[in-house]
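Reproduced below: work16.txt, with compact mmCIF, C-alpha atoms.
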# COMPACT_ATOMS: atom_id res chain seq x y z
CA MET O 1 0.01 10.01 2.60
CA CYS O 2 -1.73 7.74 0.19
CA THR O 3 -3.63 10.57 -1.41
CA TYR O 4 -5.35 8.43 -4.04
CA LEU O 5 -5.44 11.62 -6.11
CA THR O 6 -4.97 10.40 -9.65
CA GLU O 7 -5.72 11.84 -13.07
CA LYS O 8 -5.69 9.45 -15.98
CA VAL O 9 -5.08 10.75 -19.50
CA ALA O 10 -5.42 8.88 -22.79
CA ALA O 11 -2.11 9.52 -24.52
CA THR O 12 -0.53 9.23 -27.94
CA GLY O 13 3.21 9.31 -28.39
CA SER O 14 6.35 7.38 -27.52
CA ALA O 15 8.51 6.95 -24.46
CA ARG O 16 11.96 5.46 -23.94
CA GLY O 17 11.72 2.66 -21.39
CA ALA O 18 14.48 0.67 -19.72
CA SER O 19 15.26 -1.36 -22.82
CA ASP O 20 13.63 0.34 -25.80
CA TRP O 21 11.11 2.83 -27.04
CA PHE O 22 7.43 1.97 -26.78
CA ASP O 23 4.12 3.49 -27.84
CA VAL O 24 2.45 5.38 -25.00
CA SER O 25 -1.30 4.82 -24.70
CA GLU O 26 -2.02 6.46 -21.37
CA ALA O 27 -0.54 8.62 -18.67
CA THR O 28 -1.39 8.85 -15.00
CA VAL O 29 -0.66 11.93 -12.94
CA TYR O 30 -0.82 11.76 -9.17
CA PHE O 31 0.44 13.44 -6.03
CA ASP O 32 1.61 10.80 -3.60
CA HIS O 33 4.60 9.03 -2.08
CA PRO O 34 7.51 8.76 -4.50
CA GLN O 35 9.35 5.51 -5.00
CA HIS O 36 12.74 7.16 -5.25
CA ALA O 37 12.72 10.92 -4.72
CA GLN O 38 13.59 11.85 -1.16
CA TYR O 39 10.44 13.80 -0.42
CA ALA O 40 7.34 12.80 1.48
CA HIS O 41 5.17 13.53 -1.56
CA THR O 42 5.84 14.36 -5.17
CA LEU O 43 3.93 14.97 -8.36
CA ASN O 44 4.34 11.70 -10.21
CA ILE O 45 3.72 10.94 -13.86
CA ASP O 46 3.66 7.46 -15.36
CA PHE O 47 3.68 7.08 -19.14
CA LEU O 48 2.26 3.63 -19.79
CA ASN O 49 1.24 1.09 -22.34
CA PRO O 50 -0.75 -1.54 -20.41
CA ASP O 51 -1.02 -3.74 -23.51
CA GLN O 52 2.74 -4.22 -23.39
CA GLY O 53 2.80 -5.06 -19.68
CA PRO O 54 3.63 -3.15 -16.49
CA SER O 55 7.28 -2.61 -17.42
CA ALA O 56 6.25 -0.50 -20.42
CA ARG O 57 6.49 2.51 -18.15
CA VAL O 58 8.45 5.69 -17.88
CA ALA O 59 8.09 7.35 -14.51
CA VAL O 60 9.06 10.73 -13.14
CA GLU O 61 8.72 12.03 -9.59
CA LEU O 62 8.90 15.82 -9.38
CA THR O 63 8.66 18.39 -6.64
CA ALA O 64 5.49 20.45 -6.90
CA GLU O 65 7.57 23.46 -7.92
CA THR O 66 9.26 21.52 -10.72
CA ALA O 67 5.96 20.09 -11.91
CA ARG O 68 4.38 23.54 -12.14
CA ALA O 69 7.38 24.92 -14.04
CA LEU O 70 7.26 21.94 -16.40
CA ALA O 71 3.53 22.32 -17.01
CA GLN O 72 4.02 26.01 -17.80
CA ALA O 73 6.94 25.22 -20.10
CA ILE O 74 4.85 22.66 -22.00
CA VAL O 75 1.96 25.07 -22.46
CA SER O 76 4.31 27.90 -23.35
CA THR O 77 6.18 25.79 -25.91
CA LEU O 78 2.98 24.55 -27.52
CA SER O 79 1.56 28.06 -27.72
CA SER O 80 4.54 29.28 -29.72
CA VAL O 81 4.35 26.49 -32.29
CA PRO O 82 2.79 27.54 -35.64
CA THR O 83 -0.76 26.23 -35.75
CA GLY O 84 -0.20 24.11 -38.84
CA LEU O 85 2.50 22.06 -37.16
CA LEU O 86 0.24 21.14 -34.27
CA GLU O 87 -2.18 19.41 -36.56
CA GLU O 88 0.27 17.32 -38.55
CA PRO O 89 -0.83 13.75 -39.15
CA ALA O 90 1.45 10.93 -38.03
CA LEU O 91 4.15 10.02 -40.52
CA SER O 92 3.32 6.97 -42.54
CA GLY O 93 4.62 3.78 -40.94
CA HIS O 94 4.90 5.27 -37.45
CA ALA O 95 2.70 4.28 -34.58
CA THR O 96 0.23 6.91 -33.50
CA MET Q 97 19.32 -19.80 21.43
CA TYR Q 98 18.28 -21.26 18.08
CA ASP Q 99 17.23 -18.30 15.95
CA ALA Q 100 17.34 -19.59 12.36
CA MET Q 101 14.61 -18.37 10.06
CA LEU Q 102 13.53 -18.92 6.47
CA ALA Q 103 12.33 -16.26 4.06
CA GLU Q 104 11.03 -17.10 0.61
CA THR Q 105 8.50 -16.28 -2.08
CA VAL Q 106 5.53 -18.65 -2.23
CA LYS Q 107 2.19 -18.88 -4.02
CA ILE Q 108 -1.03 -18.81 -2.01
CA THR Q 109 -4.68 -19.05 -2.93
CA GLY Q 110 -6.26 -15.61 -2.80
CA ALA Q 111 -9.66 -14.11 -3.59
CA GLY Q 112 -11.70 -16.02 -6.12
CA GLY Q 113 -9.30 -18.98 -5.96
CA ASP Q 114 -6.62 -16.96 -7.77
CA GLU Q 115 -2.98 -17.81 -7.36
CA VAL Q 116 -1.23 -14.92 -5.60
CA GLU Q 117 2.45 -14.37 -4.88
CA ALA Q 118 3.47 -13.77 -1.28
CA TYR Q 119 6.64 -13.30 0.73
CA VAL Q 120 6.87 -15.51 3.78
CA ALA Q 121 9.33 -15.33 6.67
CA ARG Q 122 9.17 -17.77 9.56
CA PRO Q 123 11.27 -19.03 12.46
CA LEU Q 124 12.55 -22.56 11.94
CA ASN Q 125 12.09 -23.78 15.48
CA ALA Q 126 9.13 -25.89 16.52
CA GLY Q 127 7.03 -23.06 17.92
CA PRO Q 128 4.12 -22.95 18.07
CA HIS Q 129 4.02 -19.39 16.74
CA GLY Q 130 1.40 -16.75 16.14
CA GLY Q 131 1.04 -15.42 12.60
CA VAL Q 132 1.01 -11.94 11.08
CA VAL Q 133 -0.29 -10.89 7.67
CA VAL Q 134 1.54 -7.75 6.50
CA ILE Q 135 -0.44 -5.52 4.12
CA HIS Q 136 1.88 -3.39 2.03
CA HIS Q 137 1.28 0.29 1.32
CA MET Q 138 -0.02 1.70 -1.95
CA PRO Q 139 3.48 2.13 -3.49
CA GLY Q 140 3.69 -1.59 -3.53
CA TYR Q 141 5.07 -4.95 -2.54
CA ASP Q 142 8.51 -3.56 -1.98
CA GLU Q 143 11.73 -4.29 -0.18
CA ALA Q 144 10.65 -2.29 2.87
CA HIS Q 145 7.63 -4.52 3.44
CA LYS Q 146 9.64 -7.68 2.90
CA GLN Q 147 11.98 -6.33 5.57
CA ILE Q 148 9.02 -5.78 7.90
CA THR Q 149 7.92 -9.36 7.23
CA ARG Q 150 11.37 -10.64 8.20
CA LYS Q 151 11.29 -8.46 11.32
CA PHE Q 152 8.18 -10.26 12.53
CA ALA Q 153 9.84 -13.63 11.89
CA SER Q 154 12.91 -12.55 13.83
CA ARG Q 155 10.58 -11.81 16.75
CA GLY Q 156 9.03 -15.27 16.64
CA TYR Q 157 6.04 -14.84 14.33
CA LEU Q 158 5.08 -16.62 11.14
CA ALA Q 159 4.74 -13.70 8.75
CA ILE Q 160 3.44 -13.28 5.23
CA CYS Q 161 3.08 -10.33 2.88
CA PRO Q 162 0.81 -11.02 -0.11
CA ASN Q 163 1.55 -9.13 -3.31
CA LEU Q 164 -1.74 -7.28 -3.75
CA TYR Q 165 -0.75 -6.27 -7.29
CA TYR Q 166 0.25 -9.73 -8.49
CA ARG Q 167 -2.74 -10.07 -10.81
CA GLU Q 168 -2.04 -6.80 -12.62
CA ALA Q 169 1.71 -7.22 -12.78
CA PRO Q 170 3.15 -10.67 -12.05
CA GLY Q 171 6.92 -10.55 -11.74
CA ALA Q 172 7.07 -6.79 -12.32
CA ASP Q 173 9.21 -4.30 -10.47
CA PRO Q 174 7.22 -3.10 -7.40
CA GLY Q 175 7.05 0.45 -8.74
CA ASP Q 176 5.77 -0.69 -12.14
CA ALA Q 177 3.24 -2.99 -10.47
CA SER Q 178 2.00 -0.18 -8.25
CA ALA Q 179 1.62 2.12 -11.26
CA ALA Q 180 -0.30 -0.55 -13.18
CA ALA Q 181 -2.66 -1.15 -10.24
CA ARG Q 182 -3.18 2.58 -9.75
CA ALA Q 183 -4.02 3.06 -13.41
CA LEU Q 184 -6.67 0.37 -13.04
CA GLY Q 185 -8.25 2.03 -10.00
CA GLY Q 186 -6.52 0.25 -7.11
CA VAL Q 187 -7.34 -2.94 -5.23
CA PRO Q 188 -11.07 -3.64 -4.79
CA ASP Q 189 -12.07 -4.19 -1.16
CA ASP Q 190 -13.56 -7.66 -1.75
CA ARG Q 191 -10.39 -8.85 -3.45
CA LEU Q 192 -8.27 -7.50 -0.61
CA VAL Q 193 -10.32 -9.40 1.94
CA GLY Q 194 -9.99 -12.61 -0.08
CA ASP Q 195 -6.23 -12.23 -0.42
CA VAL Q 196 -5.71 -11.50 3.28
CA GLY Q 197 -7.96 -14.45 4.12
CA GLY Q 198 -5.87 -16.70 1.86
CA ALA Q 199 -2.67 -15.44 3.50
CA ALA Q 200 -4.11 -16.08 6.99
CA ASP Q 201 -5.15 -19.60 5.96
CA TYR Q 202 -1.64 -20.23 4.66
CA LEU Q 203 -0.15 -19.28 8.05
CA ARG Q 204 -2.65 -21.39 9.98
CA SER Q 205 -1.80 -24.39 7.79
CA LEU Q 206 1.87 -24.32 8.81
CA THR Q 207 2.76 -27.05 11.29
CA THR Q 208 4.41 -24.50 13.59
CA SER Q 209 1.32 -22.28 13.82
CA ASN Q 210 -0.53 -21.80 17.10
CA GLY Q 211 -3.68 -21.06 15.10
CA LYS Q 212 -3.72 -17.34 15.86
CA VAL Q 213 -3.30 -14.76 13.12
CA GLY Q 214 -3.09 -10.98 13.26
CA VAL Q 215 -2.90 -8.40 10.53
CA ILE Q 216 -0.97 -5.14 10.16
CA GLY Q 217 -1.17 -2.60 7.38
CA TYR Q 218 0.53 0.66 6.57
CA CYS Q 219 -0.92 3.68 4.80
CA SER Q 220 -3.68 2.38 2.46
CA GLY Q 221 -2.92 -0.96 4.15
CA GLY Q 222 -4.02 0.53 7.49
CA ARG Q 223 -7.55 0.92 6.22
CA GLN Q 224 -7.31 -2.52 4.64
CA SER Q 225 -6.14 -4.03 7.95
CA PHE Q 226 -9.27 -2.75 9.68
CA LEU Q 227 -11.41 -3.88 6.73
CA ALA Q 228 -9.97 -7.41 6.90
CA ALA Q 229 -10.48 -7.55 10.66
CA CYS Q 230 -14.16 -6.66 10.18
CA ARG Q 231 -14.75 -9.19 7.41
CA LEU Q 232 -12.56 -12.08 8.61
CA GLN Q 233 -12.12 -13.92 11.88
CA LEU Q 234 -8.73 -12.70 13.12
CA ASP Q 235 -7.02 -12.41 16.51
CA ALA Q 236 -5.44 -8.93 16.43
CA ALA Q 237 -5.31 -6.04 13.97
CA VAL Q 238 -2.96 -3.06 13.65
CA ASP Q 239 -3.89 0.01 11.64
CA CYS Q 240 -0.87 2.22 10.91
CA TYR Q 241 -2.20 5.58 9.73
CA GLY Q 242 -4.86 4.22 7.41
CA ALA Q 243 -6.84 6.93 5.63
CA PHE Q 244 -10.55 6.85 4.77
CA VAL Q 245 -11.74 4.53 7.52
CA VAL Q 246 -13.77 7.63 8.30
CA GLY Q 247 -13.95 10.62 5.98
CA LYS Q 248 -14.83 10.50 2.35
CA PRO Q 249 -12.09 10.55 -0.30
CA PRO Q 250 -11.94 13.57 -2.62
CA GLU Q 251 -14.58 13.81 -5.32
CA GLY Q 252 -13.70 12.53 -8.73
CA MET Q 253 -10.89 10.21 -7.77
CA PRO Q 254 -10.87 7.00 -9.77
CA PHE Q 255 -10.50 4.68 -6.77
CA GLN Q 256 -13.46 2.77 -5.42
CA ILE Q 257 -12.70 3.68 -1.82
CA GLU Q 258 -15.53 4.25 0.60
CA PRO Q 259 -15.45 5.00 4.32
CA ILE Q 260 -15.80 1.74 6.29
CA VAL Q 261 -16.34 2.93 9.82
CA HIS Q 262 -19.85 1.47 9.68
CA LEU Q 263 -18.23 -1.99 9.74
CA THR Q 264 -16.95 -1.39 13.29
CA LYS Q 265 -19.74 -3.48 14.78
CA ASP Q 266 -18.27 -6.51 12.94
CA LEU Q 267 -14.68 -6.03 14.15
CA SER Q 268 -13.58 -9.56 15.09
CA CYS Q 269 -10.53 -8.81 17.25
CA PRO Q 270 -8.68 -6.19 19.32
CA LEU Q 271 -7.41 -3.22 17.32
CA LEU Q 272 -4.23 -1.18 17.75
CA GLY Q 273 -4.16 2.17 15.94
CA LEU Q 274 -0.88 4.06 15.44
CA PHE Q 275 -1.15 7.57 14.08
CA GLY Q 276 0.84 10.77 13.62
CA GLN Q 277 -0.26 14.02 15.20
CA ASP Q 278 0.72 15.92 12.04
CA ASP Q 279 -1.05 13.58 9.62
CA SER Q 280 -4.00 14.76 7.57
CA THR Q 281 -4.99 11.33 6.22
CA PRO Q 282 -6.15 10.37 8.75
CA SER Q 283 -6.33 13.59 10.73
CA PRO Q 284 -6.48 13.50 14.55
CA GLU Q 285 -10.14 14.56 14.20
CA GLU Q 286 -10.86 11.54 12.04
CA THR Q 287 -9.14 9.10 14.39
CA ALA Q 288 -11.16 10.64 17.25
CA GLU Q 289 -14.33 9.96 15.27
CA PHE Q 290 -13.16 6.40 14.68
CA GLU Q 291 -12.53 6.00 18.41
CA VAL Q 292 -16.06 7.14 19.25
CA GLU Q 293 -17.44 4.40 17.02
CA LEU Q 294 -15.21 1.72 18.62
CA LYS Q 295 -16.31 2.81 22.09
CA GLN Q 296 -19.92 2.81 21.06
CA HIS Q 297 -19.69 -0.83 19.97
CA GLY Q 298 -17.71 -1.89 23.04
CA LYS Q 299 -14.68 -2.98 21.02
CA THR Q 300 -11.25 -3.63 22.53
CA TYR Q 301 -8.83 -1.11 21.08
CA GLU Q 302 -5.95 1.20 21.84
CA PHE Q 303 -4.95 4.25 19.83
CA HIS Q 304 -1.61 6.03 20.08
CA THR Q 305 -0.96 9.32 18.31
CA PHE Q 306 2.68 10.36 18.17
CA GLU Q 307 3.77 13.98 18.38
CA GLY Q 308 6.20 15.24 15.78
CA ALA Q 309 5.16 12.54 13.32
CA GLY Q 310 3.03 12.62 10.21
CA HIS Q 311 1.98 10.02 7.70
CA GLY Q 312 4.45 7.23 6.98
CA PHE Q 313 6.58 7.60 10.11
CA PHE Q 314 7.54 3.91 9.99
CA ASP Q 315 9.01 4.23 6.47
CA VAL Q 316 12.74 3.96 7.08
CA ASP Q 317 13.68 4.74 3.48
CA ARG Q 318 11.52 7.81 3.09
CA LYS Q 319 11.70 11.36 4.31
CA SER Q 320 8.55 10.82 6.36
CA HIS Q 321 10.48 8.49 8.71
CA ARG Q 322 10.37 9.63 12.33
CA PRO Q 323 12.75 7.41 14.29
CA LYS Q 324 11.31 8.18 17.73
CA ALA Q 325 7.70 7.50 16.70
CA ALA Q 326 8.75 4.40 14.75
CA TYR Q 327 10.74 3.06 17.70
CA GLU Q 328 7.86 3.62 20.11
CA GLY Q 329 5.39 2.31 17.53
CA TRP Q 330 7.25 -0.97 17.10
CA LYS Q 331 7.25 -1.42 20.88
CA LYS Q 332 3.47 -0.97 20.89
CA VAL Q 333 3.07 -3.48 18.05
CA PHE Q 334 5.11 -6.20 19.73
CA ASP Q 335 3.48 -5.61 23.10
CA PHE Q 336 0.02 -5.84 21.47
CA TYR Q 337 0.79 -8.97 19.44
CA GLY Q 338 2.51 -10.50 22.49
CA ARG Q 339 -0.76 -10.23 24.38
CA HIS Q 340 -3.06 -11.38 21.59
CA LEU Q 341 -1.11 -13.71 19.32
CA ALA Q 342 1.38 -15.48 21.55
CA SER Q 343 0.78 -19.13 22.33

Please express the file's structure as structure tokens.
Amino acid sequence: MCTYLTEKVAATGSARGASDWFDVSEATVYFDHPQHAQYAHTLNIDFLNPDQGPSARVAVELTAETARALAQAIVSTLSSVPTGLLEEPALSGHAT
Amino acid sequence: MYDAMLAETVKITGAGGDEVEAYVARPLNAGPHGGVVVIHHMPGYDEAHKQITRKFASRGYLAICPNLYYREAPGADPGDASAAARALGGVPDDRLVGDVGGAADYLRSLTTSNGKVGVIGYCSGGRQSFLAACRLQLDAAVDCYGAFVVGKPPEGMPFQIEPIVHLTKDLSCPLLGLFGQDDSTPSPEETAEFEVELKQHGKTYEFHTFEGAGHGFFDVDRKSHRPKAAYEGWKKVFDFYGRHLAS
């Protein structure tokens, strides 16, 4: 179905697109039809930089089970990082 | 039998006078032919909908599929364009109506047109097909499992989508609705509510709900495809357009 269910997140980081790396400025998370995965619905994440055009995009389409496992892995990984490292400023000369 | 057809990308004038890309497929014989505007689903102006456009042409219709995401992402891959449009909150209803109106005008302007134009939409396009038929003067409309004609979308979603069943009184043409029994958007209860409204306003319509099918049963390249429902559904579409769009 076209669920329209979409979460939009302001993002800071980088993603590797089809031709090169780009700065990520936002991410959208939604549960809807995939473009490629052979499932009726998947949890989809787009990492985007609208200022660089629609092709500045890295997309993933995950089963709900995979998405939950990934979310837990992200939280788990972050919770085991020493606090000081989480608050590091961006290295000089790198995009933030 | 002469069955040559032409399929190509053109530019049309859409809402607000904007230039909009569209895919056109049309028989090359003299006609005259009825026209069909194909409204693509939310995942975009993709190969599947271009194929549907060619299918209509192969059956003797002038067909056009406007790229509803052209403004956000001209020339982009359909998936990227869909993602860009989604991030911006989707297609506003007024813009959709203007783009479908521009596409219908394009078909009517062709020398082989019989002046009649119908619309068909899938998924989010199903709702948009009904919307266009309420806001524009058309000759036939097909709603394939469009959600949120009745029923409010979930709270907090970023899309500006409102129920539009209150527009039923303005429906300008006969309506064909094709739905899946196992669908939840729209659910059989919602299509029943829609039907009550159509009856109340004395509109010409026919609804068919297919057993063993859910949302997206026409989508040949997706897991939701249900060949039996799709086969029967296509028969209903061509029968309906044959009665309302043929010369």

Shell of 7 Å around Lys319 in chain Q, all atoms listed in the file, local chain residues under 5 positions omitted, as a list in words: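 Returned residues: Gln38, Tyr39 and Ala40 of chain O.
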
Which residue of Q:Ser320, Q:Ser343, Q:Thr109, Q:Gln233 approaches Tyr202 in chain Q most closely, using all atoms listed in the file: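 Of all the options, Q:Thr109 lies closest to Tyr202 in chain Q.
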
6 Å contacts from chain Q to chain O using only C-alpha atoms, as a list in words: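 Selected residues: Ala169, Asp176, Ala180, Met253, His311, Lys319 and Ser320 of chain Q.
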
Test item: residues at most 6 Å from Tyr141 in chain Q, only C-alpha atoms, excluding those fewer than 5 positions along its chain, as an MDAnalysis selection string: chainID Q and resid 136 163 174

Two-atom distance - CA of Lys265 in chain Q, CA of Val116 in chain Q (Å): 29.8 Å

Between CA of His137 in chain Q and CA of Ala229 in chain Q, distance in Å (one decimal):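 Separation between CA of His137 in chain Q and CA of Ala229 in chain Q: 16.9 Å.
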
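Non-sequential neighbours of Phe275 in chain Q (distance at most 7 Å, separation of 3 or more positions within a chain, all atoms listed in the file) are Cys240, Tyr241, His304, Thr305 and Phe306 of chain Q.
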
Separation of CA of Ala228 in chain Q from CA of Glu302 in chain Q in Å: 17.7 Å

Residue contacts of Asp23 in chain O (7 Å, only C-alpha atoms) excluding same-chain residues fewer than 4 positions away, as a list of chain:residue names: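 That gives O:Gly13, O:Ser14, O:Ala15, O:Asn49, O:Ala95.
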
Kindly export the residues of the current selection with C-alpha atoms, as a short mmCIF file (atom, residue, chain, number, x, y, z; two decimals), keeping the file's coordinate frame.
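part_4.cif written:
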data_model
loop_
_atom_site.label_atom_id
_atom_site.label_comp_id
_atom_site.auth_asym_id
_atom_site.auth_seq_id
_atom_site.Cartn_x
_atom_site.Cartn_y
_atom_site.Cartn_z
CA GLY O 13 3.21 9.31 -28.39
CA SER O 14 6.35 7.38 -27.52
CA ALA O 15 8.51 6.95 -24.46
CA ASN O 49 1.24 1.09 -22.34
CA ALA O 95 2.70 4.28 -34.58
#

Who sits within 12 Å of Pro323 in chain Q, only C-alpha atoms, same chain under 2 positions skipped, as a list in words: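 Neighbouring residues, sequence-local ones excluded: Phe306, Glu307, Gly308, Ala309, Gly310, Gly312, Phe313, Phe314, Asp315, Val316, Asp317, Arg318, Lys319, Ser320, His321, Ala325, Ala326, Tyr327, Glu328, Gly329 and Trp330 of chain Q.
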
Would you place a box with edges along x, y and z of the file around all atoms of range 266-284 of chain Q listed there, add 8 Å to each of its six sides, and report the centre and edge lengths in Å to one decimal, as AutoDock Vina command-line options?
--center_x -8.7 --center_y 3.2 --center_z 12.8 --size_x 35.1 --size_y 41.5 --size_z 29.1

Residues within 7 Å of (-4.5, -17.1, 10.6), counting only C-alpha atoms, listed as a PyMOL selection string: chain Q and resi 131+200-201+203-204+211-214+234

Where atoms are absent from range 184-199 of chain Q, fill them in so it carries N, CA and C atoms, then output it as a PDB file, in the coordinates of the input.
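Written out: rebuild05.pdb:
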ATOM      1  N   LEU Q 184      -5.438   1.157 -12.937  1.00  0.00           N
ATOM      2  CA  LEU Q 184      -6.670   0.370 -13.040  1.00  0.00           C
ATOM      3  C   LEU Q 184      -7.654   0.669 -11.901  1.00  0.00           C
ATOM      4  N   GLY Q 185      -7.310   1.607 -11.032  1.00  0.00           N
ATOM      5  CA  GLY Q 185      -8.250   2.030 -10.000  1.00  0.00           C
ATOM      6  C   GLY Q 185      -7.996   1.439  -8.628  1.00  0.00           C
ATOM      7  N   GLY Q 186      -6.852   0.770  -8.435  1.00  0.00           N
ATOM      8  CA  GLY Q 186      -6.520   0.250  -7.110  1.00  0.00           C
ATOM      9  C   GLY Q 186      -7.110  -1.121  -6.837  1.00  0.00           C
ATOM     10  N   VAL Q 187      -6.897  -1.590  -5.607  1.00  0.00           N
ATOM     11  CA  VAL Q 187      -7.340  -2.940  -5.230  1.00  0.00           C
ATOM     12  C   VAL Q 187      -8.769  -2.887  -4.692  1.00  0.00           C
ATOM     13  N   PRO Q 188      -9.697  -3.624  -5.312  1.00  0.00           N
ATOM     14  CA  PRO Q 188     -11.070  -3.640  -4.790  1.00  0.00           C
ATOM     15  C   PRO Q 188     -11.117  -4.252  -3.389  1.00  0.00           C
ATOM     16  N   ASP Q 189     -11.996  -3.732  -2.550  1.00  0.00           N
ATOM     17  CA  ASP Q 189     -12.070  -4.190  -1.160  1.00  0.00           C
ATOM     18  C   ASP Q 189     -12.325  -5.700  -1.051  1.00  0.00           C
ATOM     19  N   ASP Q 190     -13.240  -6.230  -1.861  1.00  0.00           N
ATOM     20  CA  ASP Q 190     -13.560  -7.660  -1.750  1.00  0.00           C
ATOM     21  C   ASP Q 190     -12.346  -8.520  -2.072  1.00  0.00           C
ATOM     22  N   ARG Q 191     -11.585  -8.090  -3.063  1.00  0.00           N
ATOM     23  CA  ARG Q 191     -10.390  -8.850  -3.450  1.00  0.00           C
ATOM     24  C   ARG Q 191      -9.339  -8.811  -2.341  1.00  0.00           C
ATOM     25  N   LEU Q 192      -9.220  -7.640  -1.708  1.00  0.00           N
ATOM     26  CA  LEU Q 192      -8.270  -7.500  -0.610  1.00  0.00           C
ATOM     27  C   LEU Q 192      -8.613  -8.471   0.512  1.00  0.00           C
ATOM     28  N   VAL Q 193      -9.894  -8.520   0.851  1.00  0.00           N
ATOM     29  CA  VAL Q 193     -10.320  -9.400   1.940  1.00  0.00           C
ATOM     30  C   VAL Q 193     -10.012 -10.862   1.583  1.00  0.00           C
ATOM     31  N   GLY Q 194     -10.267 -11.246   0.356  1.00  0.00           N
ATOM     32  CA  GLY Q 194      -9.990 -12.610  -0.080  1.00  0.00           C
ATOM     33  C   GLY Q 194      -8.503 -12.942  -0.046  1.00  0.00           C
ATOM     34  N   ASP Q 195      -7.683 -11.991  -0.427  1.00  0.00           N
ATOM     35  CA  ASP Q 195      -6.230 -12.230  -0.420  1.00  0.00           C
ATOM     36  C   ASP Q 195      -5.682 -12.316   1.000  1.00  0.00           C
ATOM     37  N   VAL Q 196      -6.164 -11.442   1.876  1.00  0.00           N
ATOM     38  CA  VAL Q 196      -5.710 -11.500   3.280  1.00  0.00           C
ATOM     39  C   VAL Q 196      -6.197 -12.796   3.921  1.00  0.00           C
ATOM     40  N   GLY Q 197      -7.426 -13.184   3.596  1.00  0.00           N
ATOM     41  CA  GLY Q 197      -7.960 -14.450   4.120  1.00  0.00           C
ATOM     42  C   GLY Q 197      -7.121 -15.639   3.654  1.00  0.00           C
ATOM     43  N   GLY Q 198      -6.712 -15.626   2.398  1.00  0.00           N
ATOM     44  CA  GLY Q 198      -5.870 -16.700   1.860  1.00  0.00           C
ATOM     45  C   GLY Q 198      -4.509 -16.728   2.545  1.00  0.00           C
ATOM     46  N   ALA Q 199      -3.969 -15.528   2.818  1.00  0.00           N
ATOM     47  CA  ALA Q 199      -2.670 -15.440   3.500  1.00  0.00           C
ATOM     48  C   ALA Q 199      -2.788 -15.954   4.940  1.00  0.00           C
TER      49      ALA Q 199
END
